[in-house]
>>> print(open('data.cif').read())   # mmCIF, N, CA and C atoms
data_work
#
loop_
_atom_site.label_atom_id
_atom_site.label_comp_id
_atom_site.auth_asym_id
_atom_site.auth_seq_id
_atom_site.Cartn_x
_atom_site.Cartn_y
_atom_site.Cartn_z
N CYS P 1 -15.60 -66.84 16.99
CA CYS P 1 -16.99 -66.40 16.85
C CYS P 1 -17.07 -65.03 16.16
N SER P 2 -16.08 -64.67 15.39
CA SER P 2 -16.06 -63.34 14.78
C SER P 2 -17.18 -63.10 13.77
N SER P 3 -17.84 -64.16 13.28
CA SER P 3 -18.94 -64.00 12.33
C SER P 3 -20.31 -64.06 12.98
N LEU P 4 -20.39 -64.38 14.26
CA LEU P 4 -21.65 -64.48 14.99
C LEU P 4 -22.29 -63.10 15.12
N THR P 5 -23.54 -62.94 14.64
CA THR P 5 -24.19 -61.63 14.68
C THR P 5 -25.24 -61.50 15.78
N SER P 6 -25.88 -62.59 16.17
CA SER P 6 -26.85 -62.54 17.26
C SER P 6 -26.92 -63.90 17.93
N ILE P 7 -27.42 -63.89 19.15
CA ILE P 7 -27.55 -65.14 19.89
C ILE P 7 -28.72 -65.02 20.86
N GLU P 8 -29.43 -66.13 21.02
CA GLU P 8 -30.49 -66.19 22.02
C GLU P 8 -30.08 -67.25 23.03
N ILE P 9 -29.88 -66.83 24.25
CA ILE P 9 -29.44 -67.73 25.31
C ILE P 9 -30.67 -68.47 25.83
N PRO P 10 -30.62 -69.80 25.93
CA PRO P 10 -31.77 -70.58 26.41
C PRO P 10 -32.17 -70.21 27.83
N GLY P 11 -33.43 -70.39 28.14
CA GLY P 11 -33.99 -70.02 29.43
C GLY P 11 -33.40 -70.71 30.64
N GLY P 12 -32.84 -71.90 30.51
CA GLY P 12 -32.29 -72.62 31.65
C GLY P 12 -30.90 -72.17 32.08
N VAL P 13 -30.29 -71.28 31.33
CA VAL P 13 -28.93 -70.82 31.64
C VAL P 13 -28.97 -69.88 32.84
N THR P 14 -28.08 -70.12 33.82
CA THR P 14 -28.05 -69.27 35.02
C THR P 14 -26.83 -68.36 35.09
N SER P 15 -25.80 -68.65 34.29
CA SER P 15 -24.64 -67.76 34.29
C SER P 15 -24.00 -67.72 32.91
N ILE P 16 -23.41 -66.57 32.62
CA ILE P 16 -22.63 -66.41 31.40
C ILE P 16 -21.18 -66.36 31.88
N ASP P 17 -20.45 -67.41 31.58
CA ASP P 17 -19.10 -67.57 32.12
C ASP P 17 -18.10 -66.55 31.58
N ALA P 18 -17.00 -66.43 32.27
CA ALA P 18 -15.91 -65.54 31.89
C ALA P 18 -15.47 -65.81 30.46
N GLY P 19 -15.40 -64.76 29.67
CA GLY P 19 -14.92 -64.85 28.30
C GLY P 19 -15.84 -65.55 27.33
N ALA P 20 -17.07 -65.86 27.73
CA ALA P 20 -17.99 -66.66 26.91
C ALA P 20 -18.14 -66.14 25.48
N PHE P 21 -18.28 -64.84 25.31
CA PHE P 21 -18.47 -64.26 23.98
C PHE P 21 -17.35 -63.27 23.64
N SER P 22 -16.25 -63.37 24.33
CA SER P 22 -15.11 -62.49 24.11
C SER P 22 -14.63 -62.56 22.66
N GLY P 23 -14.49 -61.41 22.04
CA GLY P 23 -13.99 -61.33 20.67
C GLY P 23 -15.02 -61.57 19.59
N CYS P 24 -16.30 -61.69 19.96
CA CYS P 24 -17.36 -61.85 18.96
C CYS P 24 -17.65 -60.48 18.36
N SER P 25 -16.77 -60.03 17.50
CA SER P 25 -16.79 -58.65 17.01
C SER P 25 -17.97 -58.31 16.11
N SER P 26 -18.69 -59.29 15.58
CA SER P 26 -19.86 -59.01 14.74
C SER P 26 -21.17 -59.12 15.51
N LEU P 27 -21.11 -59.50 16.77
CA LEU P 27 -22.31 -59.66 17.58
C LEU P 27 -22.98 -58.31 17.79
N THR P 28 -24.21 -58.17 17.29
CA THR P 28 -24.91 -56.89 17.40
C THR P 28 -25.98 -56.91 18.47
N SER P 29 -26.53 -58.09 18.77
CA SER P 29 -27.57 -58.14 19.80
C SER P 29 -27.53 -59.46 20.55
N ILE P 30 -27.96 -59.37 21.80
CA ILE P 30 -28.06 -60.55 22.65
C ILE P 30 -29.18 -60.30 23.64
N GLU P 31 -29.97 -61.31 23.86
CA GLU P 31 -31.03 -61.21 24.87
C GLU P 31 -30.65 -62.12 26.03
N ILE P 32 -30.46 -61.52 27.18
CA ILE P 32 -30.10 -62.28 28.37
C ILE P 32 -31.39 -62.67 29.07
N PRO P 33 -31.65 -63.98 29.22
CA PRO P 33 -32.91 -64.41 29.84
C PRO P 33 -32.95 -64.09 31.34
N SER P 34 -34.15 -64.03 31.88
CA SER P 34 -34.33 -63.63 33.27
C SER P 34 -33.77 -64.61 34.29
N GLY P 35 -33.41 -65.83 33.91
CA GLY P 35 -32.83 -66.78 34.85
C GLY P 35 -31.35 -66.59 35.11
N VAL P 36 -30.68 -65.78 34.29
CA VAL P 36 -29.24 -65.55 34.45
C VAL P 36 -28.99 -64.71 35.70
N THR P 37 -28.08 -65.18 36.56
CA THR P 37 -27.78 -64.45 37.79
C THR P 37 -26.40 -63.80 37.78
N SER P 38 -25.51 -64.26 36.88
CA SER P 38 -24.18 -63.64 36.85
C SER P 38 -23.62 -63.58 35.44
N ILE P 39 -22.87 -62.51 35.21
CA ILE P 39 -22.16 -62.31 33.95
C ILE P 39 -20.68 -62.25 34.32
N GLY P 40 -19.91 -63.20 33.81
CA GLY P 40 -18.52 -63.34 34.20
C GLY P 40 -17.59 -62.27 33.64
N SER P 41 -16.38 -62.26 34.15
CA SER P 41 -15.35 -61.32 33.70
C SER P 41 -15.11 -61.49 32.21
N SER P 42 -15.01 -60.39 31.53
CA SER P 42 -14.72 -60.34 30.09
C SER P 42 -15.70 -61.16 29.24
N ALA P 43 -16.91 -61.39 29.74
CA ALA P 43 -17.90 -62.20 29.02
C ALA P 43 -18.19 -61.67 27.63
N PHE P 44 -18.25 -60.36 27.48
CA PHE P 44 -18.53 -59.73 26.19
C PHE P 44 -17.39 -58.82 25.75
N TYR P 45 -16.19 -59.12 26.20
CA TYR P 45 -15.01 -58.32 25.90
C TYR P 45 -14.81 -58.18 24.38
N ASN P 46 -14.66 -56.95 23.93
CA ASN P 46 -14.43 -56.63 22.51
C ASN P 46 -15.54 -57.08 21.56
N CYS P 47 -16.76 -57.09 22.04
CA CYS P 47 -17.91 -57.30 21.15
C CYS P 47 -18.22 -55.93 20.56
N SER P 48 -17.40 -55.52 19.63
CA SER P 48 -17.36 -54.14 19.15
C SER P 48 -18.55 -53.71 18.30
N SER P 49 -19.45 -54.62 17.92
CA SER P 49 -20.63 -54.23 17.13
C SER P 49 -21.90 -54.16 17.95
N MET P 50 -21.86 -54.57 19.21
CA MET P 50 -23.05 -54.56 20.06
C MET P 50 -23.41 -53.12 20.41
N THR P 51 -24.70 -52.77 20.24
CA THR P 51 -25.10 -51.37 20.43
C THR P 51 -25.87 -51.10 21.72
N SER P 52 -26.62 -52.07 22.23
CA SER P 52 -27.35 -51.86 23.48
C SER P 52 -27.60 -53.19 24.16
N ILE P 53 -27.84 -53.14 25.45
CA ILE P 53 -28.12 -54.36 26.21
C ILE P 53 -28.91 -54.00 27.46
N LYS P 54 -29.81 -54.90 27.83
CA LYS P 54 -30.59 -54.74 29.06
C LYS P 54 -30.23 -55.89 29.99
N ILE P 55 -29.81 -55.54 31.19
CA ILE P 55 -29.45 -56.53 32.19
C ILE P 55 -30.73 -56.86 32.97
N PRO P 56 -31.20 -58.11 32.93
CA PRO P 56 -32.44 -58.44 33.64
C PRO P 56 -32.29 -58.34 35.16
N SER P 57 -33.41 -58.22 35.85
CA SER P 57 -33.37 -58.05 37.31
C SER P 57 -32.84 -59.27 38.04
N SER P 58 -32.77 -60.42 37.39
CA SER P 58 -32.23 -61.63 38.03
C SER P 58 -30.71 -61.57 38.19
N VAL P 59 -30.04 -60.76 37.39
CA VAL P 59 -28.58 -60.67 37.46
C VAL P 59 -28.17 -59.93 38.73
N THR P 60 -27.29 -60.58 39.50
CA THR P 60 -26.80 -59.94 40.73
C THR P 60 -25.35 -59.50 40.61
N SER P 61 -24.59 -60.10 39.67
CA SER P 61 -23.19 -59.69 39.55
C SER P 61 -22.74 -59.61 38.10
N ILE P 62 -21.91 -58.60 37.86
CA ILE P 62 -21.29 -58.38 36.56
C ILE P 62 -19.79 -58.33 36.81
N GLY P 63 -19.04 -59.19 36.13
CA GLY P 63 -17.61 -59.32 36.37
C GLY P 63 -16.78 -58.18 35.80
N SER P 64 -15.53 -58.14 36.20
CA SER P 64 -14.57 -57.15 35.71
C SER P 64 -14.47 -57.21 34.20
N ARG P 65 -14.43 -56.05 33.58
CA ARG P 65 -14.27 -55.92 32.12
C ARG P 65 -15.32 -56.69 31.31
N ALA P 66 -16.47 -56.97 31.90
CA ALA P 66 -17.51 -57.77 31.24
C ALA P 66 -17.89 -57.21 29.87
N PHE P 67 -17.97 -55.89 29.75
CA PHE P 67 -18.35 -55.25 28.49
C PHE P 67 -17.24 -54.35 27.97
N SER P 68 -16.05 -54.53 28.47
CA SER P 68 -14.91 -53.72 28.06
C SER P 68 -14.63 -53.90 26.56
N GLY P 69 -14.36 -52.80 25.89
CA GLY P 69 -14.04 -52.85 24.47
C GLY P 69 -15.25 -52.92 23.55
N CYS P 70 -16.45 -52.80 24.12
CA CYS P 70 -17.67 -52.79 23.30
C CYS P 70 -17.85 -51.36 22.78
N SER P 71 -17.06 -51.01 21.80
CA SER P 71 -16.93 -49.62 21.34
C SER P 71 -18.19 -49.05 20.69
N SER P 72 -19.12 -49.87 20.23
CA SER P 72 -20.36 -49.37 19.62
C SER P 72 -21.52 -49.33 20.61
N LEU P 73 -21.29 -49.79 21.83
CA LEU P 73 -22.34 -49.83 22.84
C LEU P 73 -22.75 -48.40 23.21
N THR P 74 -24.02 -48.08 22.99
CA THR P 74 -24.50 -46.73 23.30
C THR P 74 -25.37 -46.67 24.55
N SER P 75 -26.00 -47.79 24.92
CA SER P 75 -26.81 -47.78 26.14
C SER P 75 -26.85 -49.16 26.79
N ILE P 76 -26.89 -49.13 28.11
CA ILE P 76 -27.05 -50.34 28.89
C ILE P 76 -27.96 -50.01 30.06
N GLU P 77 -28.91 -50.90 30.32
CA GLU P 77 -29.82 -50.74 31.46
C GLU P 77 -29.41 -51.73 32.54
N ILE P 78 -29.21 -51.21 33.74
CA ILE P 78 -28.84 -52.04 34.88
C ILE P 78 -29.95 -51.91 35.92
N LEU P 79 -30.68 -52.99 36.13
CA LEU P 79 -31.79 -52.97 37.08
C LEU P 79 -31.28 -53.15 38.51
N SER P 80 -32.14 -52.92 39.48
CA SER P 80 -31.72 -52.85 40.88
C SER P 80 -31.22 -54.15 41.49
N GLY P 81 -31.38 -55.28 40.83
CA GLY P 81 -30.90 -56.55 41.37
C GLY P 81 -29.40 -56.69 41.39
N VAL P 82 -28.68 -55.89 40.62
CA VAL P 82 -27.23 -56.01 40.51
C VAL P 82 -26.57 -55.47 41.79
N THR P 83 -25.97 -56.38 42.55
CA THR P 83 -25.35 -55.98 43.81
C THR P 83 -23.82 -55.84 43.70
N SER P 84 -23.23 -56.38 42.62
CA SER P 84 -21.79 -56.19 42.45
C SER P 84 -21.44 -56.04 40.97
N ILE P 85 -20.53 -55.10 40.72
CA ILE P 85 -19.97 -54.90 39.39
C ILE P 85 -18.46 -54.79 39.58
N GLY P 86 -17.72 -55.57 38.80
CA GLY P 86 -16.27 -55.57 38.90
C GLY P 86 -15.63 -54.35 38.26
N SER P 87 -14.34 -54.24 38.43
CA SER P 87 -13.60 -53.09 37.92
C SER P 87 -13.60 -53.04 36.39
N GLU P 88 -13.60 -51.83 35.89
CA GLU P 88 -13.49 -51.54 34.46
C GLU P 88 -14.51 -52.31 33.61
N ALA P 89 -15.70 -52.51 34.14
CA ALA P 89 -16.74 -53.28 33.45
C ALA P 89 -17.09 -52.70 32.08
N PHE P 90 -16.94 -51.39 31.92
CA PHE P 90 -17.31 -50.73 30.66
C PHE P 90 -16.15 -49.96 30.05
N TYR P 91 -14.94 -50.37 30.36
CA TYR P 91 -13.75 -49.69 29.87
C TYR P 91 -13.72 -49.71 28.33
N GLY P 92 -13.45 -48.57 27.73
CA GLY P 92 -13.34 -48.49 26.28
C GLY P 92 -14.67 -48.37 25.55
N CYS P 93 -15.74 -48.16 26.29
CA CYS P 93 -17.07 -47.99 25.68
C CYS P 93 -17.32 -46.49 25.55
N SER P 94 -16.68 -45.87 24.58
CA SER P 94 -16.62 -44.42 24.49
C SER P 94 -17.95 -43.72 24.20
N SER P 95 -18.93 -44.42 23.66
CA SER P 95 -20.23 -43.80 23.31
C SER P 95 -21.34 -44.20 24.28
N LEU P 96 -21.00 -44.85 25.37
CA LEU P 96 -21.98 -45.46 26.27
C LEU P 96 -22.60 -44.48 27.26
N THR P 97 -23.93 -44.61 27.43
CA THR P 97 -24.64 -44.00 28.55
C THR P 97 -25.22 -45.16 29.36
N ILE P 98 -25.01 -45.13 30.67
CA ILE P 98 -25.45 -46.20 31.56
C ILE P 98 -26.71 -45.75 32.29
N TYR P 99 -27.76 -46.56 32.19
CA TYR P 99 -29.03 -46.27 32.85
C TYR P 99 -29.19 -47.23 34.02
N CYS P 100 -29.19 -46.69 35.25
CA CYS P 100 -29.28 -47.51 36.46
C CYS P 100 -30.60 -47.27 37.17
N GLU P 101 -31.22 -48.35 37.61
CA GLU P 101 -32.46 -48.24 38.36
C GLU P 101 -32.20 -47.73 39.78
N GLU P 102 -31.01 -47.99 40.30
CA GLU P 102 -30.65 -47.52 41.64
C GLU P 102 -30.53 -45.99 41.66
N GLU P 103 -30.68 -45.41 42.85
CA GLU P 103 -30.56 -43.96 42.99
C GLU P 103 -29.10 -43.51 43.06
N SER P 104 -28.22 -44.41 43.49
CA SER P 104 -26.79 -44.12 43.57
C SER P 104 -26.02 -45.44 43.56
N LYS P 105 -24.70 -45.37 43.46
CA LYS P 105 -23.87 -46.56 43.36
C LYS P 105 -23.99 -47.43 44.60
N PRO P 106 -24.41 -48.69 44.42
CA PRO P 106 -24.46 -49.62 45.56
C PRO P 106 -23.06 -49.90 46.10
N SER P 107 -22.96 -50.20 47.38
CA SER P 107 -21.66 -50.40 48.02
C SER P 107 -20.89 -51.59 47.46
N GLY P 108 -21.56 -52.57 46.89
CA GLY P 108 -20.88 -53.74 46.34
C GLY P 108 -20.27 -53.55 44.97
N TRP P 109 -20.48 -52.39 44.37
CA TRP P 109 -19.90 -52.12 43.06
C TRP P 109 -18.47 -51.62 43.25
N SER P 110 -17.56 -52.11 42.43
CA SER P 110 -16.16 -51.71 42.51
C SER P 110 -16.06 -50.18 42.39
N SER P 111 -15.06 -49.62 43.05
CA SER P 111 -14.89 -48.17 42.99
C SER P 111 -14.58 -47.69 41.57
N ASP P 112 -14.02 -48.57 40.75
CA ASP P 112 -13.72 -48.18 39.37
C ASP P 112 -14.55 -48.98 38.35
N TRP P 113 -15.78 -49.31 38.73
CA TRP P 113 -16.68 -50.03 37.84
C TRP P 113 -16.90 -49.26 36.55
N ASN P 114 -16.94 -47.95 36.66
CA ASN P 114 -17.14 -47.07 35.51
C ASN P 114 -15.84 -46.31 35.27
N TYR P 115 -14.76 -47.04 35.11
CA TYR P 115 -13.41 -46.49 35.00
C TYR P 115 -13.30 -45.36 33.98
N SER P 116 -14.00 -45.48 32.87
CA SER P 116 -13.91 -44.48 31.82
C SER P 116 -14.83 -43.28 32.05
N ASN P 117 -15.52 -43.28 33.19
CA ASN P 117 -16.44 -42.20 33.55
C ASN P 117 -17.50 -41.94 32.49
N ARG P 118 -18.14 -42.99 32.04
CA ARG P 118 -19.26 -42.86 31.11
C ARG P 118 -20.42 -42.20 31.83
N PRO P 119 -21.27 -41.46 31.11
CA PRO P 119 -22.42 -40.82 31.76
C PRO P 119 -23.35 -41.88 32.38
N VAL P 120 -23.80 -41.60 33.59
CA VAL P 120 -24.71 -42.50 34.30
C VAL P 120 -25.99 -41.74 34.62
N VAL P 121 -27.14 -42.34 34.27
CA VAL P 121 -28.44 -41.78 34.63
C VAL P 121 -28.97 -42.64 35.76
N TRP P 122 -28.88 -42.12 37.00
CA TRP P 122 -29.35 -42.84 38.18
C TRP P 122 -30.87 -42.71 38.29
N ASP P 123 -31.51 -43.75 38.81
CA ASP P 123 -32.96 -43.76 39.04
C ASP P 123 -33.72 -43.38 37.77
N TYR P 124 -33.28 -43.91 36.62
CA TYR P 124 -33.80 -43.50 35.32
C TYR P 124 -35.28 -43.78 35.14
N LYS P 125 -35.85 -44.74 35.84
CA LYS P 125 -37.26 -45.08 35.67
C LYS P 125 -38.19 -44.04 36.29
N ASN P 126 -37.65 -43.23 37.20
CA ASN P 126 -38.45 -42.21 37.86
C ASN P 126 -38.18 -40.80 37.35
N LYS P 127 -37.49 -40.71 36.25
CA LYS P 127 -37.16 -39.36 35.71
C LYS P 127 -38.11 -38.97 34.63
#
>>> encode(input="data.cif", output="structure tokens")
Amino acid sequence: CSSLTSIEIPGGVTSIDAGAFSGCSSLTSIEIPSGVTSIGSSAFYNCSSMTSIKIPSSVTSIGSRAFSGCSSLTSIEILSGVTSIGSEAFYGCSSLTIYCEEESKPSGWSSDWNYSNRPVVWDYKNK
């Protein structure tokens, strides 16, 4: 999928499986529909052209390394529905700022979910 530049996921999809878009290095945008509840491990691994993404409130889990290697990713919005994030979910995203609706890290998020220590703006909607 190295030539794929954008994708629209159909409304009936409830999960994005592990490795689904791994290595889609030309993918610049993706819209995750509100019916999706989980994003699997390495789902967007090395999607190095993707610049931003919004996680809908229906998503409850984000797998390990889900966005790892997305080197052009500059912002991601994580709404309060996300109760678990796996380890190193954003590893290698050197330009990323993470915007979280929560006021602080939920207990279900891995201790190294933000392994690379990217800047996090907690409770961003109320700032």
>>> residues_around(input="data.cif", residues="Asp123 (chain P)", least_positions_apart="4", cutoff="6.5 Å", atoms="all atoms listed in the file", output="count of residues only")
7
>>> select_by_dssp(input="data.cif", residues="region 39-118 of chain P", states="strand (DSSP E or B)", output="list in words")
Ile39, Ser52, Ile53, Lys54, Ile55, Ser61, Ile62, Ser75, Ile76, Glu77, Ile78, Ser84, Ile85, Thr97, Ile98, Tyr99, Cys100 and Trp109 of chain P
>>> residues_around(input="data.cif", residues="region 40-55 of chain P", least_positions_apart="5", cutoff="6 Å", atoms="only C-alpha atoms", output="count of residues only")
30
>>> atom_distance(input="data.cif", atom1="CA of Pro106 (chain P)", atom2="CA of Asn126 (chain P)")
17.6 Å
>>> resolve_selection(input="data.cif", expression="the PyMOL selection byres (((chain P and resi 60 and name CA) around 12) and name CA)", output="list in words")
Thr14, Ser15, Ser34, Gly35, Val36, Thr37, Ser38, Ile39, Gly40, Ile55, Pro56, Ser57, Ser58, Val59, Ser61, Ile62, Gly63, Ile78, Leu79, Ser80, Gly81, Val82, Thr83, Ser84, Ile85, Gly86, Pro106, Gly108 and Trp109 of chain P
>>> atom_distance(input="data.cif", atom1="CA of Ser94 (chain P)", atom2="atom C of Val120 (chain P)")
14.1 Å
>>> resolve_selection(input="data.cif", expression="the PyMOL selection byres ((chain P and resi 118) around 6)", output="VMD selection string")
chain P and resid 96 to 98 114 to 117 119 to 120
